[in-house]
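Peer 1: Sending over a structure as structure tokens; questions will come in a sec.
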There are 12 protein chains.
Amino acid sequence: MKKILVINGPNLNLLGVREKSIYGNQDFLSYFEELKERFSTVQLEYFQNNSEGILIDKIHEVGFEYDGIVMNAGAYTHTSIAIGDAIAAIQTPVIEVHISNVHQREEFRHHSFLAKNCRGVICGFGLDSYRLGIEALIV
Amino acid sequence: MKKILVINGPNLNLLGVREKSIYGNQDFLSYFEELKERFSTVQLEYFQNNSEGILIDKIHEVGFEYDGIVMNAGAYTHTSIAIGDAIAAIQTPVIEVHISNVHQREEFRHHSFLAKNCRGVICGFGLDSYRLGIEALIV
Amino acid sequence: MKKILVINGPNLNLLGVREKSIYGNQDFLSYFEELKERFSTVQLEYFQNNSEGILIDKIHEVGFEYDGIVMNAGAYTHTSIAIGDAIAAIQTPVIEVHISNVHQREEFRHHSFLAKNCRGVICGFGLDSYRLGIEALIV
Amino acid sequence: MKKILVINGPNLNLLGVREKSIYGNQDFLSYFEELKERFSTVQLEYFQNNSEGILIDKIHEVGFEYDGIVMNAGAYTHTSIAIGDAIAAIQTPVIEVHISNVHQREEFRHHSFLAKNCRGVICGFGLDSYRLGIEALIV
Amino acid sequence: MKKILVINGPNLNLLGVREKSIYGNQDFLSYFEELKERFSTVQLEYFQNNSEGILIDKIHEVGFEYDGIVMNAGAYTHTSIAIGDAIAAIQTPVIEVHISNVHQREEFRHHSFLAKNCRGVICGFGLDSYRLGIEALIV
Amino acid sequence: MKKILVINGPNLNLLGVREKSIYGNQDFLSYFEELKERFSTVQLEYFQNNSEGILIDKIHEVGFEYDGIVMNAGAYTHTSIAIGDAIAAIQTPVIEVHISNVHQREEFRHHSFLAKNCRGVICGFGLDSYRLGIEALIV
Amino acid sequence: MKKILVINGPNLNLLGVREKSIYGNQDFLSYFEELKERFSTVQLEYFQNNSEGILIDKIHEVGFEYDGIVMNAGAYTHTSIAIGDAIAAIQTPVIEVHISNVHQREEFRHHSFLAKNCRGVICGFGLDSYRLGIEALIV
Amino acid sequence: MKKILVINGPNLNLLGVREKSIYGNQDFLSYFEELKERFSTVQLEYFQNNSEGILIDKIHEVGFEYDGIVMNAGAYTHTSIAIGDAIAAIQTPVIEVHISNVHQREEFRHHSFLAKNCRGVICGFGLDSYRLGIEALIV
Amino acid sequence: MKKILVINGPNLNLLGVREKSIYGNQDFLSYFEELKERFSTVQLEYFQNNSEGILIDKIHEVGFEYDGIVMNAGAYTHTSIAIGDAIAAIQTPVIEVHISNVHQREEFRHHSFLAKNCRGVICGFGLDSYRLGIEALIV
Amino acid sequence: MKKILVINGPNLNLLGVREKSIYGNQDFLSYFEELKERFSTVQLEYFQNNSEGILIDKIHEVGFEYDGIVMNAGAYTHTSIAIGDAIAAIQTPVIEVHISNVHQREEFRHHSFLAKNCRGVICGFGLDSYRLGIEALIV
Amino acid sequence: MKKILVINGPNLNLLGVREKSIYGNQDFLSYFEELKERFSTVQLEYFQNNSEGILIDKIHEVGFEYDGIVMNAGAYTHTSIAIGDAIAAIQTPVIEVHISNVHQREEFRHHSFLAKNCRGVICGFGLDSYRLGIEALIV
Amino acid sequence: MKKILVINGPNLNLLGVREKSIYGNQDFLSYFEELKERFSTVQLEYFQNNSEGILIDKIHEVGFEYDGIVMNAGAYTHTSIAIGDAIAAIQTPVIEVHISNVHQREEFRHHSFLAKNCRGVICGFGLDSYRLGIEALIV
């Protein structure tokens with residue numbers, strides 16, 4: 001049974017946890033339950049943290065053992081060479097995902113320090129980006 | 001029955017048509033047959049051309065009628081404001097896909113004039129990027 | 001009798017041909033009829049194409065014989081050194097026109113590769129930009 | 001009867017006033033007389049000043065009352081955010097005009113701080129640029 | 001009674017805590033006591049941390065409940081898109097403050113990733129910048 | 001009794017003088033009256049001009065005698081090295097203020113040629129920015 | 001017998017075909033006849049087109065079969081990543097040639113998207129650049 | 001008898017007029033008296049103003065009649081395309097001078113919009129730069 | 001007896017701890033034992049963490065008491081103004097070291113936000129860079 | 001009999017002189033003998049030096065007398081404005097040649113300070129570039 | 001008696017030595033004789049070399065003993081940090097001079113690595129620039 | 001016995017040779033004597049020159065025979081691609097050293113054209129940088 005970790009970076013804890021009227025109808029954890037049902041033959045886990053260093057710790061922890069990581073690093077995507085290095089250092093393939101189409105946003109969100117070291121990138125499909133990321137890993 | 005058009009831009013006609021030893025084991029048209037089998041409930045069509053203007057003509061032709069376009073514009077991705085404008089002008093949603101992880105290639109391949117007007121972007125998964133693009137449209 | 005050619009570049013075929021509710025009430029061809037009536041002492045012709053090379057072919061074809069060209073090169077304005085070279089190579093004066101005020105749009109639409117080789121530039125007056133372009137040629 | 005003000009910025013007072021052999025055969029004021037004759041149904045006025053602040057004062061003075069301004073801001077076009085702001089603040093539409101084709105001159109003359117806030121831009125037609133500017137306003 | 005949180009980012013814990021001869025005569029905590037006295041009708045709180053992620057956690061914690069945040073993010077001002085996003089995500093208004101006049105320092109301190117999402121910016125008034133920040137919130 | 005001059009630069013004369021429906025409910029002069037009442041122990045004066053040179057003249061005139069200047073230089077903030085030099089040349093401390101949060105506007109409004117020579121900068125608090133500027137001077 | 005194709009890109013059809021007084025005394029086709037005489041042991045062919053896509057088609061067509069291509073891509077040299085990709089994709093070596101010394105012309109003509117994928121570059125020798133290109137191939 | 005005008009731009013009125021302890025021991029006007037004595041066979045005049053437009057007016061006024069202008073445009077050197085244009089428009093040769101060595105100051109003082117249109121540039125010799133400027137004109 | 005702290009930043013915990021076949025034969029801790037033997041008259045300590053904030057905490061903790069810090073900040077070298085500020089704020093001298101020659105790697109690894117505030121920089125000598133760093137401190 | 005000088009710049013003395021196993025099978029001097037045989041009707045000479053100034057001296061020495069120079073300036077191509085000026089100052093035409101295709105190497109090798117002043121440029125054909133350079137001169 | 005050295009850098013040996021019809025009527029050495037006559041109370045010497053290192057040697061040789069250096073470093077002005085450092089290292093003041101107005105030439109001639117360390121700069125007065133340089137030193 | 005050459009580039013001959021009061025107490029040659037005593041088992045030699053070409057000659061001369069080079073190329077570090085190429089061409093490893101911490105100096109001293117081809121870089125330790133460079137070679 002394949003083991004895949006979904007990682008969310010800074011500010012993504014606010015998704016659907018509180019102020020749902022603002023952040024969309026759907027709670028990320030309930031969406032994650034849907035994902036687990038859909039991919040019942042995969043062992044899916046979830047991790048969220050706002051700290052760059054703790055995200056690196058987690059990547060190290062699973063990166064020689066899991067079969068895949070689907071990672072939305074939020075704003076660290078655009079500033080963290082260190083997370084990019086962590087991804088380069090491990091053996092587990094990583095898929096970079098984004099909920100929004102980052103190319104429609106500010107100029108400084110068009111560059112990723114992670115993408116070069118990831119297997120691929122998926123952005124712009126709302127929460128469905130995570131589902132497609134898992135699809136890409138279990139092909 | 002949903003109608004989806006897969007468009008390939010310049011140089012992508014060489015994929016698997018000749019010199020398979022160089023361009024990969026798989027012929028794009030035979031891969032496209034697999035896609036049609038997989039998505040048997042979708043009406044899939046394929047179009048390839050090396051000319052910017054003819055790609056624009058095709059986008060106009062289907063863009064008010066089809067349910068989705070999965071487009072790999074090849075090198076025009078990075079130079080064609082005109083294709084970007086064509087995508088913005090139509091009603092059909094477009095998914096930008098790339099076979100390779102463009103972020104691992106030359107600097108000038110990191111910017112896309114299309115992405116801003118597409119629903120989303122998928123890159124780096126080999127031919128499987130096309131499959132994921134169709135998945136994203138039929139959700 | 002002066003001969004003047006109006007050239008429209010990529011995506012401008014969509015103007016008023018279909019989806020009028022989106023692209024304005026007026027069909028370009030019916031507008032062009034108005035222009036012909038207004039400038040009854042001028043021989044006005046019209047050409048539209050989405051391909052850079054075919055636009056160059058047309059510029060060569062008329063460029064040693066007509067008295068003026070009013071050209072809206074659309075997105076090629078910002079990317080085509082080749083059309084700029086074609087304009088430099090011919091004898092007929094060219095007026096660059098734009099329907100919208102390009103300075104209110106994206107940064108990459110502020111630069112023109114054609115303007116340097118044109119007699120002048122007119123932008124921002126809606127369809128009336130074409131009329132002013134003809135006025136400038138028949139002074 | 002429409003009221004339109006023609007404004008000339010720095011150094012344009014030298015046009016045809018003295019040293020006609022250098023600055024062209026035609027005196028701007030005599031050209032302005034021709035304009036008044038041509039547009040006999042419009043109330044045309046003329047203002048020239050070399051000072052940025054005084055040009056702003058004039059724009060404020062007429063900008064809630066006149067029907068149009070045709071403005072050649074000369075070199076301030078490329079340096080004055082303040083004149084650009086003045087144009088944005090008023091209600092009267094402004095047409096930016098230039099005698100020469102600024103795209104054939106130094107790089108620093110290719111950018112305008114005014115254009116974004118003007119209705120449109122006309123450049124490269126010699127003194128005839130002013131005539132076309134008025135045409136565009138009285139359509 | 002209004003609730004306002006003062007947040008200090010990296011290295012600001014050294015202010016007046018030790019080596020007062022270097023970092024100024026005044027201990028920040030004793031200065032904070034003065035602030036509390038001055039604004040006796042406001043419930044003032046203080047938080048300092050050197051970690052980007054923990055500052056984000058705190059912003060989330062208070063950002064839907066407090067009436068204002070006065071934040072000196074120190075060096076993270078210039079590198080953290082993630083803190084900027086956190087400020088954009090909450091409801092509580094944030095005032096960006098700096099002790100020194102950052103415009104007199106290195107070029108890389110002139111740009112802020114936070115300012116765009118803050119209500120306003122105050123810099124250059126020494127510790128008094130914090131007092132002015134509170135004033136701005138309780139207007 | 002401290003003497004403080006409030007200086008407004010180009011286009012700020014339009015604030016609340018005419019077209020109040022557009023420029024906000026409050027007339028700057030009536031707001032200035034409020035300021036004078038609030039700071040009854042300070043001798044407050046007001047000066048506005050649209051010309052760079054006349055603003056410099058005024059800075060020279062008061063700059064060796066007054067106790068402070070609160071200056072909103074409007075668009076000259078971003079283009080005038082000369083006003084920046086004038087501030088550097090005088091003895092009176094200057095506070096740079098802006099009504100809007102300039103960091104939320106165009107890129108070219110993010111840089112100030114004045115800030116380096118001012119004691120501090122306050123922006124984004126509406127008219128209240130002027131009040132905070134005076135507060136900072138009379139500490 | 002070696003097979004070599006000479007390809008000319010946009011606007012080069014005007015060379016010596018018409019307006020010889022402008023474009024030089026020599027017609028390219030008559031020059032090409034001279035080349036064929038000079039290299040009588042080589043099978044020389046000629047192709048010209050103004051369209052980027054058709055040039056790519058031709059490169060594909062001969063690129064797995066001919067012994068060499070001498071290509072003057074004109075303005076597409078500086079804008080076409082797609083032609084550069086086509087050259088990289090084929091097996092036939094390509095020599096980039098230019099009639100003029102492009103380094104004496106506008107800044108935007110100093111960069112080539114083709115050169116990196118060509119065997120070598122020859123520029124500045126007038127029509128003789130083509131002869132030298134063939135020499136380089138038949139060494 | 002040659003007529004030469006010395007022009008000083010913004011903030012240079014403060015030189016030695018007041019606060020001599022700061023701006024050097026010597027009053028510019030007393031220095032100018034020395035210049036007049038030294039160059040007794042030249043008709044020397046002096047003009048200072050802080051406004052860009054008024055400096056342009058003065059350049060126009062003398063620029064077809066005087067034998068030379070020695071101009072220290074202060075900060076306008078680095079921002080005024082309009083003064084540069086005024087110098088280009090007149091017949092009188094202009095020498096750009098600076099008291100300080102501008103290359104030892106901020107980056108933005110290294111570029112001059114005037115220099116291109118001046119006969120020559122002299123900087124870094126204190127007040128003696130003016131004397132050298134006059135020497136250069138009366139050679 | 002001198003006290004020196006060796007600090008390793010993000011991802012450097014992977015050095016020789018696991019996957020030795022990839023990360024070199026030598027475990028950092030066993031290398032550190034060698035260092036302690038070699039510098040038997042120095043009190044050497046070691047600290048590693050992946051979090052920017054915790055590295056700052058540690059620098060503060062020892063920075064007024066130890067005799068030297070040898071720091072390999074990994075990827076934070078290129079992004080962390082905050083660590084650079086922490087180094088500037090303490091009294092203990094810091095030596096920046098790198099295992100690889102960073103100048104042979106990506107462009108974004110050529111700039112350091114720490115170097116300016118360190119006593120010196122040593123890079124490219126493999127693990128021996130740490131030994132040289134200690135040498136430099138105990139001279 | 002035409003006199004042509006071949007000049008090699010810095011580091012090109014190492015070509016085939018020593019360490020032939022590294023620098024290619026062929027000694028430049030023996031290659032030069034081949035060139036002399038091939039062009040038996042031309043008086044060919046050779047000069048190599050590692051110093052910029054001595055290369056300039058040599059260019060001056062022959063530049064009013066020889067019929068051509070074929071120059072590989074090595075790394076000075078990319079840094080020496082002075083050699084570029086020397087080429088501009090002489091009468092003898094200069095052909096810039098490079099052994100490797102500089103466009104496939106580092107970014108800083110893509111720009112030449114010499115090319116603008118040379119008759120033409122030939123690069124990428126190995127030692128054969130020198131032969132083609134001579135061909136271009138004796139046409 | 002003051003000792004002043006005039007130094008000319010690369011390519012300036014061609015001035016008036018040969019090809020006078022091209023490089024001006026006047027031989028630099030005969031001009032230098034005029035200078036010696038004019039400044040009969042100064043001990044004037046002359047040195048020219050095309051090599052950067054030899055120019056540095058000469059600056060070192062006289063730089064602790066002579067009263068002044070008037071230096072036209074030619075193209076090294078724009079590329080040599082080393083000559084700039086040499087000027088900074090000596091005690092003798094250096095005046096940078098140029099024959100032409102470098103601001104009217106290519107962009108890369110607008111920046112000087114020497115100017116910052118020179119007392120002043122004089123350019124654009126033909127050979128008279130040297131005379132003015134000496135004047136500036138003997139004031 | 002290992003043979004190591006210490007090379008000093010431009011202006012470093014002034015170190016402690018003359019004007020010791022300015023350039024530090026220690027003469028480089030006497031320091032070099034200390035180095036020779038310290039490393040009595042190494043054959044140390046010293047070479048200094050101000051010319052780029054002669055430094056390249058020396059690098060070639062020893063670069064296939066010595067065991068190491070410790071090089072302080074002074075200002076050529078930042079401008080000489082040719083010295084960088086020379087280092088790449090030889091077999092002897094080179095250590096780049098600097099006396100000062102170049103990162104605390106002007107922006108243009110932060111980039112090195114040599115570093116990429118050196119084994120490592122050491123800067124900021126005063127003369128001790130040379131000692132550490134030798135240490136690194138004899139490990």
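Residues are referred to by chain and number: the chain letter is A, B, ... according to the order shown in the structure tokens, the number counts from 1 in that chain, and ligands are numbered separately from 1 in the order shown.
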How close does chain J get to chain L? List, as JSON lines, each residue of chain J within 12 Å, its nearest atom pair and the distance in Å to one decimal, counting only C-alpha atoms.
Peer 2:
```
{"residue": "J:Gly9", "atom": "CA", "partner": "L:Ala82", "partner_atom": "CA", "distance": 9.2}
{"residue": "J:Pro10", "atom": "CA", "partner": "L:Ala82", "partner_atom": "CA", "distance": 6.3}
{"residue": "J:Asn11", "atom": "CA", "partner": "L:Ala86", "partner_atom": "CA", "distance": 6.0}
{"residue": "J:Leu12", "atom": "CA", "partner": "L:Ala86", "partner_atom": "CA", "distance": 9.5}
{"residue": "J:Asn13", "atom": "CA", "partner": "L:His60", "partner_atom": "CA", "distance": 9.3}
{"residue": "J:Leu14", "atom": "CA", "partner": "L:His60", "partner_atom": "CA", "distance": 8.0}
{"residue": "J:Leu15", "atom": "CA", "partner": "L:Ala89", "partner_atom": "CA", "distance": 10.0}
{"residue": "J:Val17", "atom": "CA", "partner": "L:His60", "partner_atom": "CA", "distance": 11.6}
{"residue": "J:Arg18", "atom": "CA", "partner": "L:Phe64", "partner_atom": "CA", "distance": 9.5}
{"residue": "J:Glu19", "atom": "CA", "partner": "L:Phe64", "partner_atom": "CA", "distance": 8.9}
{"residue": "J:Ile22", "atom": "CA", "partner": "L:Ala89", "partner_atom": "CA", "distance": 9.4}
{"residue": "J:Tyr23", "atom": "CA", "partner": "L:Ala89", "partner_atom": "CA", "distance": 9.0}
{"residue": "J:Gln48", "atom": "CA", "partner": "L:Gly53", "partner_atom": "CA", "distance": 11.4}
{"residue": "J:Asn49", "atom": "CA", "partner": "L:Gly53", "partner_atom": "CA", "distance": 7.7}
{"residue": "J:Asn50", "atom": "CA", "partner": "L:Gly53", "partner_atom": "CA", "distance": 4.5}
{"residue": "J:Ser51", "atom": "CA", "partner": "L:Gly53", "partner_atom": "CA", "distance": 3.8}
{"residue": "J:Glu52", "atom": "CA", "partner": "L:Gly53", "partner_atom": "CA", "distance": 6.7}
{"residue": "J:Gly53", "atom": "CA", "partner": "L:Gly53", "partner_atom": "CA", "distance": 8.6}
{"residue": "J:Ile54", "atom": "CA", "partner": "L:Gly53", "partner_atom": "CA", "distance": 8.9}
{"residue": "J:Leu55", "atom": "CA", "partner": "L:Gly53", "partner_atom": "CA", "distance": 10.1}
{"residue": "J:Ala73", "atom": "CA", "partner": "L:Ala82", "partner_atom": "CA", "distance": 9.9}
{"residue": "J:Gly74", "atom": "CA", "partner": "L:Ala82", "partner_atom": "CA", "distance": 7.5}
{"residue": "J:Ala75", "atom": "CA", "partner": "L:Ala82", "partner_atom": "CA", "distance": 4.9}
{"residue": "J:Tyr76", "atom": "CA", "partner": "L:Ala82", "partner_atom": "CA", "distance": 6.6}
{"residue": "J:Thr77", "atom": "CA", "partner": "L:Ala82", "partner_atom": "CA", "distance": 9.6}
{"residue": "J:His78", "atom": "CA", "partner": "L:Ile81", "partner_atom": "CA", "distance": 7.9}
{"residue": "J:Thr79", "atom": "CA", "partner": "L:Thr79", "partner_atom": "CA", "distance": 7.3}
{"residue": "J:Ser80", "atom": "CA", "partner": "L:Ser80", "partner_atom": "CA", "distance": 9.7}
{"residue": "J:Glu106", "atom": "CA", "partner": "L:Ile81", "partner_atom": "CA", "distance": 11.0}
{"residue": "J:Phe108", "atom": "CA", "partner": "L:Ile81", "partner_atom": "CA", "distance": 8.9}
{"residue": "J:Arg109", "atom": "CA", "partner": "L:Ile81", "partner_atom": "CA", "distance": 9.2}
```
Peer 1: If you keep C-alpha atoms, can you produce a file of those selected residues as a PDB file, in the first residue's frame?
Peer 2:
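Output file result-v6.pdb is given in full below:
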```pdb
ATOM      1  CA  GLY J   9      44.674  36.514 -27.279  1.00  0.00           C
ATOM      2  CA  PRO J  10      44.945  35.273 -23.683  1.00  0.00           C
ATOM      3  CA  ASN J  11      45.335  31.574 -22.864  1.00  0.00           C
ATOM      4  CA  LEU J  12      45.322  30.538 -26.525  1.00  0.00           C
ATOM      5  CA  ASN J  13      49.092  29.885 -26.300  1.00  0.00           C
ATOM      6  CA  LEU J  14      48.150  26.716 -24.421  1.00  0.00           C
ATOM      7  CA  LEU J  15      46.380  25.277 -27.496  1.00  0.00           C
ATOM      8  CA  VAL J  17      51.599  23.407 -27.171  1.00  0.00           C
ATOM      9  CA  ARG J  18      51.594  21.347 -24.053  1.00  0.00           C
ATOM     10  CA  GLU J  19      49.213  18.873 -22.581  1.00  0.00           C
ATOM     11  CA  ILE J  22      43.835  17.870 -22.937  1.00  0.00           C
ATOM     12  CA  TYR J  23      43.828  20.689 -25.445  1.00  0.00           C
ATOM     13  CA  GLN J  48      49.941  35.596 -29.673  1.00  0.00           C
ATOM     14  CA  ASN J  49      50.057  37.456 -26.395  1.00  0.00           C
ATOM     15  CA  ASN J  50      48.287  37.341 -23.046  1.00  0.00           C
ATOM     16  CA  SER J  51      48.438  41.121 -22.414  1.00  0.00           C
ATOM     17  CA  GLU J  52      45.656  43.469 -23.525  1.00  0.00           C
ATOM     18  CA  GLY J  53      48.049  46.396 -24.044  1.00  0.00           C
ATOM     19  CA  ILE J  54      50.467  44.420 -26.178  1.00  0.00           C
ATOM     20  CA  LEU J  55      47.626  43.182 -28.364  1.00  0.00           C
ATOM     21  CA  ALA J  73      40.742  37.785 -28.619  1.00  0.00           C
ATOM     22  CA  GLY J  74      39.746  35.039 -26.192  1.00  0.00           C
ATOM     23  CA  ALA J  75      38.295  36.363 -22.942  1.00  0.00           C
ATOM     24  CA  TYR J  76      39.225  39.974 -23.822  1.00  0.00           C
ATOM     25  CA  THR J  77      36.413  39.763 -26.405  1.00  0.00           C
ATOM     26  CA  HIS J  78      33.978  40.164 -23.533  1.00  0.00           C
ATOM     27  CA  THR J  79      35.771  42.770 -21.382  1.00  0.00           C
ATOM     28  CA  SER J  80      38.005  44.975 -23.522  1.00  0.00           C
ATOM     29  CA  GLU J 106      28.252  31.206 -20.039  1.00  0.00           C
ATOM     30  CA  PHE J 108      28.950  36.629 -20.075  1.00  0.00           C
ATOM     31  CA  ARG J 109      30.543  35.153 -23.213  1.00  0.00           C
TER      32      ARG J 109
END
```
Peer 1: Write out as JSON, numbers by chain the residues lying within 9 Å of region 95-105 of chain E, counting only C-alpha atoms and excluding same-chain residues fewer than 2 positions away.
Peer 2: {"E": [68, 69, 70, 71, 72, 73, 74, 77, 93, 107, 108, 109, 110, 114, 115, 118, 119, 120, 121, 122, 123, 124, 125, 126, 127, 128, 129, 130, 132, 133, 134, 136, 137], "F": [112, 115, 116, 117, 118, 119, 120, 121]}
Peer 1: Select from region 5-106 of chain G everything DSSP, run on the backbone, classes as strand (DSSP E or B), then give the selection as number ranges by chain.
Peer 2: G: 5-8, 42-48, 68-72, 94-98
Peer 1: Using Å and a single decimal, report how far CA of Glu45 (chain G) sits from CA of Ile4 (chain G).
Peer 2: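 We find that CA of Ile4 (chain G) and CA of Glu45 (chain G) lie 6.4 Å from each other.
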Peer 1: Extract the full set of alpha helix (DSSP H) residues from region 8-97 of chain J according to DSSP on the backbone, and format it as JSON, numbers by chain.
Peer 2: {"J": [20, 21, 22, 23, 28, 29, 30, 31, 32, 33, 34, 35, 36, 37, 38, 52, 53, 54, 55, 56, 57, 58, 59, 60, 61, 62, 81, 82, 83, 84, 85, 86, 87, 88, 89]}
Peer 1: Might you pull out every residue within 10 Å of Met1 (chain E), with only C-alpha atoms counted and same-chain residues fewer than 6 positions away left off, and present them as a PDB file with all heavy atoms, in the first residue's frame?
Peer 2:
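And here's around34.pdb as it stands now:
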```
ATOM      1  N   SER E  40      -4.463  54.132  28.861  1.00  0.00           N
ATOM      2  CA  SER E  40      -5.054  53.354  29.956  1.00  0.00           C
ATOM      3  C   SER E  40      -6.423  52.788  29.594  1.00  0.00           C
ATOM      4  O   SER E  40      -6.901  51.855  30.225  1.00  0.00           O
ATOM      5  CB  SER E  40      -5.141  54.228  31.205  1.00  0.00           C
ATOM      6  OG  SER E  40      -5.882  55.388  30.900  1.00  0.00           O
ATOM      7  N   THR E  41      -7.036  53.352  28.546  1.00  0.00           N
ATOM      8  CA  THR E  41      -8.374  52.861  28.176  1.00  0.00           C
ATOM      9  C   THR E  41      -8.302  51.766  27.111  1.00  0.00           C
ATOM     10  O   THR E  41      -9.316  51.343  26.580  1.00  0.00           O
ATOM     11  CB  THR E  41      -9.241  54.014  27.651  1.00  0.00           C
ATOM     12  OG1 THR E  41      -8.600  54.531  26.490  1.00  0.00           O
ATOM     13  CG2 THR E  41      -9.380  55.108  28.698  1.00  0.00           C
ATOM     14  N   VAL E  42      -7.084  51.360  26.766  1.00  0.00           N
ATOM     15  CA  VAL E  42      -6.907  50.298  25.781  1.00  0.00           C
ATOM     16  C   VAL E  42      -6.273  49.097  26.466  1.00  0.00           C
ATOM     17  O   VAL E  42      -5.450  49.256  27.370  1.00  0.00           O
ATOM     18  CB  VAL E  42      -5.978  50.783  24.636  1.00  0.00           C
ATOM     19  CG1 VAL E  42      -5.721  49.663  23.641  1.00  0.00           C
ATOM     20  CG2 VAL E  42      -6.549  52.011  23.955  1.00  0.00           C
ATOM     21  N   GLN E  43      -6.683  47.887  26.041  1.00  0.00           N
ATOM     22  CA  GLN E  43      -6.048  46.683  26.589  1.00  0.00           C
ATOM     23  C   GLN E  43      -4.862  46.330  25.704  1.00  0.00           C
ATOM     24  O   GLN E  43      -5.006  45.745  24.639  1.00  0.00           O
ATOM     25  CB  GLN E  43      -7.065  45.542  26.613  1.00  0.00           C
ATOM     26  CG  GLN E  43      -6.488  44.275  27.238  1.00  0.00           C
ATOM     27  CD  GLN E  43      -7.474  43.130  27.205  1.00  0.00           C
ATOM     28  OE1 GLN E  43      -8.688  43.352  27.311  1.00  0.00           O
ATOM     29  NE2 GLN E  43      -6.973  41.919  27.063  1.00  0.00           N
ATOM     30  N   ASP E  67      -8.678  44.346  18.085  1.00  0.00           N
ATOM     31  CA  ASP E  67      -9.059  45.542  17.330  1.00  0.00           C
ATOM     32  C   ASP E  67      -7.913  46.133  16.527  1.00  0.00           C
ATOM     33  O   ASP E  67      -8.131  47.024  15.706  1.00  0.00           O
ATOM     34  CB  ASP E  67      -9.610  46.596  18.294  1.00  0.00           C
ATOM     35  CG  ASP E  67     -10.855  46.087  18.993  1.00  0.00           C
ATOM     36  OD1 ASP E  67     -11.901  45.999  18.333  1.00  0.00           O
ATOM     37  OD2 ASP E  67     -10.765  45.714  20.179  1.00  0.00           O
TER      38      ASP E  67
END
```
